[in-house]
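Structure file start-v4.csv (CSV, C-alpha atoms) follows.
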```csv
chain,number,residue,atom,x,y,z
M,1,MET,CA,33.0,51.3,97.3
M,2,ARG,CA,34.1,54.4,95.4
M,3,ARG,CA,30.5,55.3,94.6
M,4,ALA,CA,29.6,55.2,98.3
M,5,LEU,CA,32.6,57.2,99.2
M,6,LEU,CA,31.8,59.8,96.7
M,7,ALA,CA,28.3,60.0,97.9
M,8,THR,CA,29.2,60.4,101.6
M,9,GLY,CA,32.1,62.7,100.8
M,10,GLY,CA,30.3,65.1,98.5
M,11,VAL,CA,30.5,68.0,100.9
M,12,ALA,CA,34.2,67.7,101.4
M,13,VAL,CA,34.8,67.4,97.7
M,14,GLY,CA,32.5,70.3,96.8
M,15,ALA,CA,34.2,72.6,99.3
M,16,GLY,CA,37.8,71.7,98.4
M,17,GLY,CA,37.5,70.5,94.8
M,18,ALA,CA,38.7,67.1,93.8
M,19,ILE,CA,42.0,67.4,95.7
M,20,GLY,CA,41.0,64.9,98.4
M,21,LEU,CA,40.1,62.1,96.0
M,22,PRO,CA,43.6,61.0,94.8
M,23,ARG,CA,44.9,61.0,98.4
M,24,LEU,CA,41.9,59.1,99.6
M,25,PHE,CA,42.6,56.2,97.3
M,26,GLY,CA,46.4,56.2,97.6
M,27,TRP,CA,49.4,56.7,95.3
M,28,ASP,CA,48.8,53.3,93.6
M,29,ARG,CA,45.4,54.3,92.3
M,30,PRO,CA,45.0,57.1,89.7
M,31,PRO,CA,42.6,59.9,90.6
M,32,LEU,CA,38.9,59.3,89.7
M,33,SER,CA,38.9,62.2,87.3
M,34,GLY,CA,42.0,61.0,85.5
M,35,GLY,CA,43.9,64.1,86.4
M,36,TYR,CA,43.0,67.8,86.6
M,37,ALA,CA,43.7,68.7,83.0
M,38,ALA,CA,42.9,67.0,79.8
M,39,ALA,CA,45.9,66.6,77.4
M,40,ALA,CA,44.0,68.7,74.8
M,41,ASP,CA,43.0,71.6,77.2
M,42,ALA,CA,45.6,74.0,75.7
M,43,PRO,CA,46.3,73.0,72.1
M,44,ALA,CA,47.8,76.5,71.4
M,45,ASP,CA,50.6,75.7,73.8
M,46,MET,CA,51.6,72.4,72.3
M,47,ARG,CA,55.1,72.4,70.7
M,48,ASN,CA,55.2,68.9,69.1
M,49,PRO,CA,52.7,67.1,66.8
M,50,GLY,CA,53.3,63.9,68.6
M,51,LEU,CA,54.7,63.4,72.1
M,52,SER,CA,56.6,60.2,72.6
M,53,VAL,CA,55.9,57.8,75.5
M,54,HIS,CA,58.3,54.9,75.6
M,55,TYR,CA,57.8,51.5,77.3
M,56,TYR,CA,60.4,49.7,75.3
M,57,VAL,CA,62.0,50.0,71.8
M,58,GLU,CA,61.2,47.7,68.9
M,59,THR,CA,64.6,46.4,67.7
M,60,THR,CA,66.2,43.2,66.8
M,61,GLU,CA,69.5,44.1,68.5
M,62,PRO,CA,70.1,42.5,71.9
M,63,VAL,CA,70.2,45.7,73.8
M,64,VAL,CA,68.7,46.7,77.2
M,65,ALA,CA,68.5,49.9,79.2
M,66,PHE,CA,68.6,49.7,83.0
M,67,THR,CA,67.0,52.7,84.8
M,68,PHE,CA,67.1,53.7,88.4
M,69,ASP,CA,64.4,55.9,90.1
M,70,ASP,CA,64.1,58.1,93.2
M,71,GLY,CA,67.7,58.9,94.1
M,72,PRO,CA,70.2,60.0,94.6
M,73,ALA,CA,70.5,59.1,98.3
M,74,PRO,CA,73.4,57.9,100.4
M,75,ASP,CA,71.9,54.6,101.3
M,76,TRP,CA,72.0,52.7,98.0
M,77,THR,CA,72.9,55.0,95.1
M,78,PRO,CA,76.6,54.3,95.6
M,79,MET,CA,75.8,50.5,95.6
M,80,ALA,CA,74.1,50.9,92.2
M,81,LEU,CA,76.9,53.0,90.8
M,82,ASP,CA,79.6,50.6,92.1
M,83,ALA,CA,77.8,47.6,90.4
M,84,LEU,CA,77.6,49.6,87.2
M,85,ASP,CA,81.2,50.7,87.3
M,86,ALA,CA,82.4,47.2,88.1
M,87,ALA,CA,80.6,45.9,85.0
M,88,ALA,CA,81.4,49.0,82.9
M,89,ILE,CA,77.7,49.4,82.2
M,90,PRO,CA,75.9,52.7,81.5
M,91,ALA,CA,72.4,53.3,82.9
M,92,THR,CA,69.8,56.1,83.1
M,93,PHE,CA,69.0,57.7,86.5
M,94,PHE,CA,65.6,59.4,86.9
M,95,MET,CA,66.4,61.7,89.8
M,96,VAL,CA,64.1,63.4,92.3
M,97,GLY,CA,65.1,67.0,92.4
M,98,ARG,CA,65.1,67.6,96.2
M,99,ASN,CA,67.2,64.4,96.6
M,100,LEU,CA,69.7,65.6,94.0
M,101,GLU,CA,69.9,69.0,95.7
M,102,ALA,CA,70.6,67.4,99.1
M,103,ASN,CA,73.1,64.8,97.7
M,104,ALA,CA,74.7,66.5,94.8
M,105,ASP,CA,78.3,65.7,96.0
M,106,LEU,CA,77.4,62.0,96.1
M,107,VAL,CA,76.9,61.8,92.3
M,108,ARG,CA,78.4,64.9,90.8
M,109,ASP,CA,81.6,63.2,89.6
M,110,ARG,CA,80.1,59.7,89.0
M,111,MET,CA,77.7,60.2,86.1
M,112,SER,CA,79.9,60.6,83.1
M,113,ARG,CA,78.8,57.3,81.5
M,114,HIS,CA,75.2,57.6,82.6
M,115,GLU,CA,72.1,59.5,81.5
M,116,ILE,CA,70.1,61.7,83.8
M,117,GLY,CA,66.3,62.1,83.6
M,118,ASN,CA,63.7,64.2,85.5
M,119,HIS,CA,61.6,62.3,88.1
M,120,SER,CA,59.9,65.5,89.6
M,121,TRP,CA,61.0,67.6,92.5
M,122,SER,CA,59.2,65.9,95.4
M,123,HIS,CA,58.0,62.6,93.9
M,124,ASP,CA,54.4,63.8,94.2
M,125,ASP,CA,51.8,62.1,92.0
M,126,LEU,CA,51.8,64.4,89.0
M,127,ALA,CA,48.5,63.0,87.8
M,128,THR,CA,46.8,64.8,90.7
M,129,LEU,CA,48.3,68.2,89.9
M,130,ASP,CA,47.2,70.9,87.4
M,131,ARG,CA,49.6,72.0,84.7
M,132,ALA,CA,51.2,74.8,86.8
M,133,GLY,CA,51.9,72.3,89.6
M,134,VAL,CA,53.5,69.8,87.2
M,135,MET,CA,55.5,72.5,85.6
M,136,SER,CA,56.8,73.6,89.0
M,137,GLU,CA,57.8,70.0,89.9
M,138,LEU,CA,59.6,69.4,86.6
M,139,THR,CA,61.2,72.9,86.2
M,140,ARG,CA,62.8,72.8,89.7
M,141,THR,CA,64.4,69.5,88.9
M,142,HIS,CA,65.3,70.5,85.4
M,143,GLU,CA,67.2,73.5,86.7
M,144,THR,CA,68.9,71.5,89.4
M,145,ILE,CA,70.2,68.9,87.0
M,146,GLN,CA,71.6,71.7,84.8
M,147,LYS,CA,73.2,73.3,87.8
M,148,VAL,CA,74.8,70.2,89.2
M,149,PHE,CA,75.8,68.4,86.0
M,150,GLY,CA,75.9,71.1,83.3
M,151,ARG,CA,73.5,69.0,81.2
M,152,THR,CA,70.0,69.7,79.9
M,153,PRO,CA,67.8,66.6,80.5
M,154,THR,CA,65.5,65.4,77.7
M,155,LEU,CA,63.7,62.6,79.5
M,156,MET,CA,61.2,62.4,82.3
M,157,ARG,CA,59.5,59.6,84.1
M,158,PRO,CA,56.3,60.4,86.1
M,159,PRO,CA,56.4,59.1,89.7
M,160,TYR,CA,54.5,55.8,90.1
M,161,GLY,CA,54.1,55.8,86.3
M,162,HIS,CA,50.9,57.9,86.7
M,163,LEU,CA,50.5,59.9,83.5
M,164,GLY,CA,47.7,62.6,83.6
M,165,GLY,CA,46.9,65.1,81.0
M,166,SER,CA,48.7,67.9,82.8
M,167,THR,CA,51.9,65.9,82.8
M,168,VAL,CA,51.6,65.3,79.0
M,169,LEU,CA,51.1,69.1,78.5
M,170,ALA,CA,54.1,70.0,80.7
M,171,ALA,CA,56.4,67.4,79.2
M,172,ASP,CA,55.5,68.6,75.7
M,173,LEU,CA,56.2,72.3,76.7
M,174,MET,CA,59.6,71.3,78.2
M,175,GLY,CA,60.6,69.1,75.2
M,176,TYR,CA,60.7,65.9,77.1
M,177,ASP,CA,60.2,62.3,76.0
M,178,ILE,CA,58.3,60.3,78.6
M,179,VAL,CA,59.9,57.0,79.6
M,180,LEU,CA,58.1,54.3,81.4
M,181,TRP,CA,59.3,50.6,81.4
M,182,SER,CA,58.7,47.1,80.1
M,183,HIS,CA,60.3,45.2,83.0
M,184,LEU,CA,60.5,46.1,86.7
M,185,MET,CA,62.2,44.6,89.7
M,186,ARG,CA,59.5,42.8,91.8
M,187,GLU,CA,61.1,43.3,95.1
M,188,LEU,CA,58.1,42.4,97.3
M,189,TYR,CA,57.5,39.2,95.4
M,190,PHE,CA,61.2,38.1,95.5
M,191,GLU,CA,62.2,39.7,98.8
M,192,LYS,CA,63.0,36.3,100.3
M,193,ASN,CA,64.2,34.8,97.0
M,194,PRO,CA,67.1,36.8,95.6
M,195,ASP,CA,68.0,34.2,93.0
M,196,GLY,CA,64.4,34.4,91.7
M,197,GLN,CA,64.7,38.1,91.2
M,198,VAL,CA,67.9,37.6,89.2
M,199,ARG,CA,66.3,34.9,87.0
M,200,ASP,CA,63.1,37.0,86.5
M,201,ILE,CA,65.2,39.7,84.8
M,202,VAL,CA,67.8,37.6,83.1
M,203,ASP,CA,65.2,35.2,81.6
M,204,ASN,CA,62.6,37.7,80.6
M,205,VAL,CA,64.4,40.7,79.2
M,206,ARG,CA,64.0,41.0,75.5
M,207,PRO,CA,65.8,43.2,72.9
M,208,GLY,CA,64.8,46.8,73.4
M,209,SER,CA,63.7,46.4,77.0
M,210,ILE,CA,63.7,49.2,79.6
M,211,VAL,CA,64.2,47.8,83.1
M,212,LEU,CA,63.0,49.7,86.2
M,213,ALA,CA,65.0,49.6,89.5
M,214,HIS,CA,65.4,52.0,92.4
M,215,ASP,CA,68.4,53.3,94.1
M,216,THR,CA,66.7,54.3,97.4
M,217,GLY,CA,63.5,53.4,99.2
M,218,LYS,CA,62.2,50.6,101.3
M,219,PRO,CA,64.5,47.8,102.4
M,220,ASN,CA,62.9,45.2,100.2
M,221,ARG,CA,64.4,47.0,97.2
M,222,LEU,CA,67.9,45.7,98.3
M,223,VAL,CA,67.0,42.3,96.8
M,224,SER,CA,67.3,43.8,93.3
M,225,LEU,CA,70.3,46.0,94.0
M,226,ARG,CA,72.3,43.1,95.5
M,227,GLY,CA,71.4,41.1,92.5
M,228,LEU,CA,72.7,43.6,89.9
M,229,PRO,CA,76.1,41.9,89.3
M,230,ALA,CA,74.4,38.5,88.6
M,231,MET,CA,71.8,40.2,86.4
M,232,PHE,CA,74.5,41.9,84.4
M,233,ALA,CA,76.5,38.7,84.0
M,234,GLY,CA,73.5,36.7,83.0
M,235,LEU,CA,72.4,39.1,80.4
M,236,LYS,CA,75.9,39.4,79.0
M,237,ALA,CA,76.0,35.7,78.7
M,238,ARG,CA,72.8,35.9,76.6
M,239,GLY,CA,74.6,38.4,74.4
M,240,PHE,CA,73.0,41.6,75.6
M,241,ARG,CA,74.6,45.0,75.4
M,242,PHE,CA,73.7,47.7,77.9
M,243,VAL,CA,72.8,51.2,76.8
M,244,THR,CA,71.3,54.4,78.1
M,245,VAL,CA,67.7,55.2,77.2
M,246,PRO,CA,68.7,57.8,74.6
M,247,GLU,CA,71.0,55.3,73.0
M,248,LEU,CA,68.2,52.8,73.0
M,249,LEU,CA,65.8,55.2,71.5
M,250,ALA,CA,68.3,56.0,68.7
M,251,LEU,CA,68.1,52.3,67.7
M,252,GLU,CA,64.4,52.2,67.4
M,253,LYS,CA,63.4,50.4,64.2
M,254,LYS,CA,61.9,52.8,61.7
M,255,ALA,CA,59.0,51.7,59.5
M,256,PRO,CA,60.3,51.2,55.9
M,257,ALA,CA,59.4,53.9,53.5
M,258,ALA,CA,56.4,53.2,51.3
```
In structure tokens, write the structure found in this file.
Amino acid sequence: MRRALLATGGVAVGAGGAIGLPRLFGWDRPPLSGGYAAAADAPADMRNPGLSVHYYVETTEPVVAFTFDDGPAPDWTPMALDALDAAAIPATFFMVGRNLEANADLVRDRMSRHEIGNHSWSHDDLATLDRAGVMSELTRTHETIQKVFGRTPTLMRPPYGHLGGSTVLAADLMGYDIVLWSHLMRELYFEKNPDGQVRDIVDNVRPGSIVLAHDTGKPNRLVSLRGLPAMFAGLKARGFRFVTVPELLALEKKAPAA
């Protein structure tokens, strides 16, 4: 199918570059070219010998980091914060810059125990942008987080988990660790089965897990947010402790010295 589309769409692609291809196949499919910049396109600009991308942390300690993407927004961000406050649990919020700018008063005084990460300005698919475009998306949100909270973020999560070469370059230049996830809320699958969503998290989280949830979005995501208290209680009963992502990374088991 893709070969046929490329053949029939050659004129459009040639006239406008590859910009139409990622949109053609949707946000849940990476661009055919893998992004517009290879991660080694600008070696002179790299600042770190090894950029870290974290799905989870290898540790024997029963710790877990809950993360929330896409907010803040007035629909469900207060629900997530209320559940975290009731259980005295810290979390990490990967915020969309334009949402933070519009809803700063919603979260300005509620994030003291929580970590804040960069989730781009507009939630565009960064894997479809060149390095300048990614830098613009990240820098605007970086500066908004600094303005609202007086903090300098050190973590970023690419929208949709799409990680193109341009994103790697930009993250390196800005000194970010890239954080993905090892477990996610399966809201569509469990939309009509809230107890199943709770069990899926409680039974499958392992030491060092990073759990992905959302604090705004489509209504089916409510199945996970409404289940947060039961998830927290179930994981506490298993002996788990809740940490922010930076706290989790600090626990990462180091290889023994030779």
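The shortest atom-to-atom distance to His119 (chain M), with all atoms listed in the file taken into account, belongs to M:Gly71 out of M:Gly71, M:Gly239, M:Gly133, M:Pro90.
Minimum atom-to-atom distance to Ile145 (chain M), evaluated using all atoms listed in the file, belongs to M:Glu101 out of M:Asp130, M:Glu101, M:Asp200, M:Glu187.
Here CA of Gln146 (chain M) is placed at a distance of 27.3 Å from CA of Leu225 (chain M).
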Close residues, region 51-62 of chain M itself excluded, 7 Å, only C-alpha atoms, min 2 positions apart in chain, as an mmCIF file with C-alpha atoms, in the frame of the given file:
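part_25.cif written:
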```cif
data_model
loop_
_atom_site.group_PDB
_atom_site.id
_atom_site.type_symbol
_atom_site.label_atom_id
_atom_site.label_comp_id
_atom_site.auth_asym_id
_atom_site.auth_seq_id
_atom_site.Cartn_x
_atom_site.Cartn_y
_atom_site.Cartn_z
ATOM 1 C CA ASN M 48 55.200 68.900 69.100
ATOM 2 C CA PRO M 49 52.700 67.100 66.800
ATOM 3 C CA VAL M 64 68.700 46.700 77.200
ATOM 4 C CA ASP M 172 55.500 68.600 75.700
ATOM 5 C CA ASP M 177 60.200 62.300 76.000
ATOM 6 C CA ILE M 178 58.300 60.300 78.600
ATOM 7 C CA VAL M 179 59.900 57.000 79.600
ATOM 8 C CA LEU M 180 58.100 54.300 81.400
ATOM 9 C CA TRP M 181 59.300 50.600 81.400
ATOM 10 C CA SER M 182 58.700 47.100 80.100
ATOM 11 C CA PRO M 207 65.800 43.200 72.900
ATOM 12 C CA GLY M 208 64.800 46.800 73.400
ATOM 13 C CA SER M 209 63.700 46.400 77.000
ATOM 14 C CA ILE M 210 63.700 49.200 79.600
ATOM 15 C CA GLY M 239 74.600 38.400 74.400
ATOM 16 C CA PHE M 240 73.000 41.600 75.600
ATOM 17 C CA ARG M 241 74.600 45.000 75.400
ATOM 18 C CA LEU M 248 68.200 52.800 73.000
ATOM 19 C CA LEU M 249 65.800 55.200 71.500
ATOM 20 C CA LEU M 251 68.100 52.300 67.700
ATOM 21 C CA GLU M 252 64.400 52.200 67.400
ATOM 22 C CA LYS M 253 63.400 50.400 64.200
#
```
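Note that the spacing between CA of Ala237 (chain M) and CA of Arg199 (chain M) amounts to 12.8 Å.
Here the question is which of M:Phe93, M:Trp76, M:Phe149, M:Phe68 gets nearest to Thr216 (chain M) using all atoms listed in the file, and that residue is M:Trp76.
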